[in-house]
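Novice: Please find one structure pasted underneath; my questions will follow.
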Amino acid sequence: MKALFLPVGSHGDVHPHIGIAKALKARGHDVTVITNGHFGPLARREGLGFCEIGSDADYREALKDPDLWHPTRGPKKVMEFAMLGIMRPMYELVAALYEPGNTVVVAAGLALGARVAQDKLGIPTVTLHLQPAVFRSFVDPPKLPGAPLGPWAPAWWVRFFFRFVDWAIIDRLLCPKLNAFRAELGLPPVKHIMGDWWNSPQRVIALFPDWYANHPPDWPPQVRCVGFPLYDERGVEALPPEVEAFLREGTPPIVFTPGSAHIHAKAFFQESARACAMLGRRGLLLSRFKENVPDELPTGVMHVPYVPFSELLPRAAALVQHGGIGTTAQGLAAGIPQLIVPFSHDQPDNAARLKRMGVGESIPAGRYKAAAAARKLRALLDDPRVAESARAVAKRLEGARPAAAACDLIEETFRASKKPAAV
């Protein structure tokens with residue numbers, strides 16, 4: 001079987017695809033990752049085939065736009081750049097690599113070009129969704145930035161809200177270019193892009209446990225939850241000696257990260273360093289961008305570009321982060337309290353889920369200040385119920401084999417596509 005993986009986004013979006021692609025390759029399949037050139041070195045180090053859509057320079061330039069992390073403008077930027085911007089070259093690459101009868105596509109929901117290729121060429125396709133926030137439910141609606149949704153909202157209101165958002169924002173932005181491209185290929189127009197159409201009708205894999213989102217009954221019937229993949233370059237990126245020494249020489253630190261792609265986070269790190277000083281706690285600041293880091297750090301606070309979370313977080317006291325699903329999952333697996341500072345996208349929804357589970361708290365990004373962070377962290381660290389809940393959640397994740405389960409479903413989808421249609 002030839003498998004084409006099409007992640008879209010930053011490290012948090014690409015890592016799960018790499019982890020599953022690696023597991024599928026270990027089963028003897030021919031696997032190629034198709035995404036931005038920034039991730040080419042990682043894919044090749046893992047022994048995977050790689051095709052580039054957009055250069056590393058394009059990726060770094062896109063990160064400079066501060067609107068990517070804005071609560072309402074951020075999703076629009078994602079639709080413009082990550083969905084429409086690469087739709088045509090993505091389709092063309094998939095069409096060029098497609099071997100009829102021998103190919104399966106595994107694509108992010110944002111990978112519109114892959115979904116068009118499925119409709120045009122009949123390629124068996126699996127949609128991978130990383131977070132529950134992308135699933136629309138009238139029973140248990142997600143918490144979205146600026147959206148008037150919650151447990152209090154009746155189903156008719158949630159239904160009206162999503163229909164309005166489709167008409168006024170999402171379809172208005174996506175449909176003109178998407179349907180013009182489909183018309184070129186002789187395909188009919190589509191609508192409700194992020195409600196129904198972007199999901200493969202064959203199989204959708206949700207990369208989180210069903211208990212994390214309670215799998216509402218009105219999700220699409222082809223959805224299967226497999227768990228958090230937890231791939232984080234462990235074994236590819238070694239724990240730096242200076243980090244190992246830092247961890248050994250004192251009490252477990254509080255780890256701070258605003259996300260791997262956040263280049264406008266200097267204020268976040270300034271307030272985080274001050275919070276450590278107020279608490280008398282050691283801290284570890286994670287950012288690939290040196291310009292994010294304050295020029296002077298308090299004693300006991302260290303900066304490092306990147307460390308695999310699976311090696312670091314079990315030795316940490318707490319995690320302060322943006323609420324990305326990958327980072328959230330690593331914190332849950334480590335069994336430590338989390339303070340979420342959501343900016344946009346799925347982050348408020350993940351923050352709400354952690355709070356309901358009793359393992360975390362949140363502070364809106366615009367109100368993240370040292371005193372507030374110190375107060376929330378002190379409460380989390382001093383509450384034995386939080387520690388107990390965090391350990392219980394970590395226990396639930398032990399022994400899970402999400403990558404294997406995802407591979408089983410991908411192979412099943414491929415096999416089903418080869419069966420003759422019923423007469």
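Naming scheme: A, B, ... for chains in displayed order of the structure tokens; residues 1 onward per chain; ligands 1 onward as shown.
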What's around range 41-47 of chain A at 7 Å? Count only C-alpha atoms, leave out sequence neighbours fewer than 3 positions away in its own chain, and write the answer as a short mmCIF file (atom, residue, chain, number, x, y, z; two decimals) with N, CA and C atoms, in the first residue's frame.

Specialist:
data_model
loop_
_atom_site.label_atom_id
_atom_site.label_comp_id
_atom_site.auth_asym_id
_atom_site.auth_seq_id
_atom_site.Cartn_x
_atom_site.Cartn_y
_atom_site.Cartn_z
N ILE A 18 3.32 12.46 11.48
CA ILE A 18 4.62 11.80 11.39
C ILE A 18 4.63 10.52 12.23
N LYS A 22 5.10 6.93 10.54
CA LYS A 22 6.23 6.09 10.95
C LYS A 22 5.75 4.68 11.32
N PHE A 50 9.21 12.29 1.28
CA PHE A 50 8.75 13.66 1.53
C PHE A 50 8.60 14.43 0.22
#

Novice: Identify all residues of range 196-238 of chain A in alpha helix (DSSP H) (DSSP on the backbone) and supply them as a list of chain:residue names.

Specialist: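 Secondary structure check on range 196-238 of chain A, alpha helix (DSSP H): A:Asp210, A:Trp211, A:Tyr212, A:Ala213.
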
Novice: Which one is closest to Phe228 in chain A: A:Arg401, A:Lys76, A:Arg60, A:Arg172? Count only C-alpha atoms.

Specialist: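 Of all the options, A:Arg401 lies closest to Phe228 in chain A.
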
Novice: Please report the interatomic distance between CA of Trp157 in chain A and CA of Pro141 in chain A in Å with one decimal.

Specialist: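 Computing the Euclidean distance for CA of Trp157 in chain A and CA of Pro141 in chain A yields 10.6 Å.
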
Novice: Which residues come within 12 Å of range 244-249 of chain A, counting only C-alpha atoms, excluding same-chain residues fewer than 3 positions away, as an MDAnalysis selection string?

Specialist: chainID A and resid 238:241 252:255 282:284 299:304 307 311:317

Novice: CA of Glu412 in chain A to CA of Thr127 in chain A: how many Å, to one decimal?

Specialist: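 Atom-to-atom, CA of Glu412 in chain A and CA of Thr127 in chain A are spaced 13.6 Å apart.
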
Novice: Mind checking which residues fall within 9 Å of Val158 in chain A, counting only C-alpha atoms, ignoring those fewer than 2 positions away in the same chain, and posting them as a CSV table (one decimal) with N, CA and C atoms, in the first residue's frame?

Specialist:
chain,number,residue,atom,x,y,z
A,137,SER,N,-21.4,19.7,17.1
A,137,SER,CA,-22.3,18.9,17.8
A,137,SER,C,-23.4,19.9,18.4
A,138,PHE,N,-24.7,19.5,18.2
A,138,PHE,CA,-25.8,20.3,18.8
A,138,PHE,C,-26.1,19.8,20.2
A,139,VAL,N,-25.5,18.6,20.6
A,139,VAL,CA,-25.7,18.0,21.9
A,139,VAL,C,-24.6,18.6,22.8
A,141,PRO,N,-21.8,21.2,22.1
A,141,PRO,CA,-21.0,22.1,21.2
A,141,PRO,C,-19.7,22.5,21.8
A,148,PRO,N,-21.0,32.3,21.0
A,148,PRO,CA,-22.0,32.2,22.1
A,148,PRO,C,-22.5,30.8,22.2
A,149,LEU,N,-21.7,29.9,22.5
A,149,LEU,CA,-22.0,28.5,22.7
A,149,LEU,C,-21.6,28.0,24.0
A,150,GLY,N,-22.3,27.0,24.5
A,150,GLY,CA,-22.0,26.4,25.8
A,150,GLY,C,-23.1,25.4,26.2
A,153,ALA,N,-26.8,26.2,25.8
A,153,ALA,CA,-27.4,26.6,24.5
A,153,ALA,C,-28.3,25.5,24.0
A,154,PRO,N,-29.5,25.8,23.7
A,154,PRO,CA,-30.4,24.7,23.2
A,154,PRO,C,-30.0,24.3,21.7
A,155,ALA,N,-30.4,23.1,21.3
A,155,ALA,CA,-29.9,22.6,20.0
A,155,ALA,C,-30.3,23.5,18.9
A,156,TRP,N,-31.5,24.1,18.9
A,156,TRP,CA,-31.9,25.0,17.8
A,156,TRP,C,-31.0,26.2,17.7
A,160,PHE,N,-28.6,27.0,14.5
A,160,PHE,CA,-28.7,28.3,13.8
A,160,PHE,C,-27.3,29.0,13.7
A,161,PHE,N,-26.6,28.9,14.8
A,161,PHE,CA,-25.3,29.6,14.9
A,161,PHE,C,-24.4,29.0,13.8
A,162,PHE,N,-24.3,27.7,13.7
A,162,PHE,CA,-23.3,27.1,12.7
A,162,PHE,C,-23.8,27.4,11.3
A,163,ARG,N,-25.1,27.4,11.1
A,163,ARG,CA,-25.6,27.7,9.7
A,163,ARG,C,-25.2,29.2,9.4

Novice: Using only C-alpha atoms for the distances, tell me which of A:Phe343, A:Ala180, A:Trp219, A:Ala365 is nearest to Glu271 in chain A.

Specialist: A:Ala365

Novice: Residues at most 9 Å from Pro100 in chain A, counting only C-alpha atoms, excluding those fewer than 5 positions away in the same chain, as an NGL selection string?

Specialist: :A and (121-123)

Novice: Based on the selection just made, write C-alpha atoms of those residues as a short mmCIF file (atom, residue, chain, number, x, y, z; two decimals), in the first residue's frame.

Specialist:
data_model
loop_
_atom_site.label_atom_id
_atom_site.label_comp_id
_atom_site.auth_asym_id
_atom_site.auth_seq_id
_atom_site.Cartn_x
_atom_site.Cartn_y
_atom_site.Cartn_z
CA LEU A 121 -10.14 10.64 -8.68
CA GLY A 122 -11.94 8.37 -6.23
CA ILE A 123 -8.87 7.96 -4.02
#

Novice: Grab the CA of Val14 in chain A to CA of Thr328 in chain A distance for me, in Å with one decimal place.

Specialist: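 Computed distance, CA of Val14 in chain A to CA of Thr328 in chain A, equals 15.3 Å.
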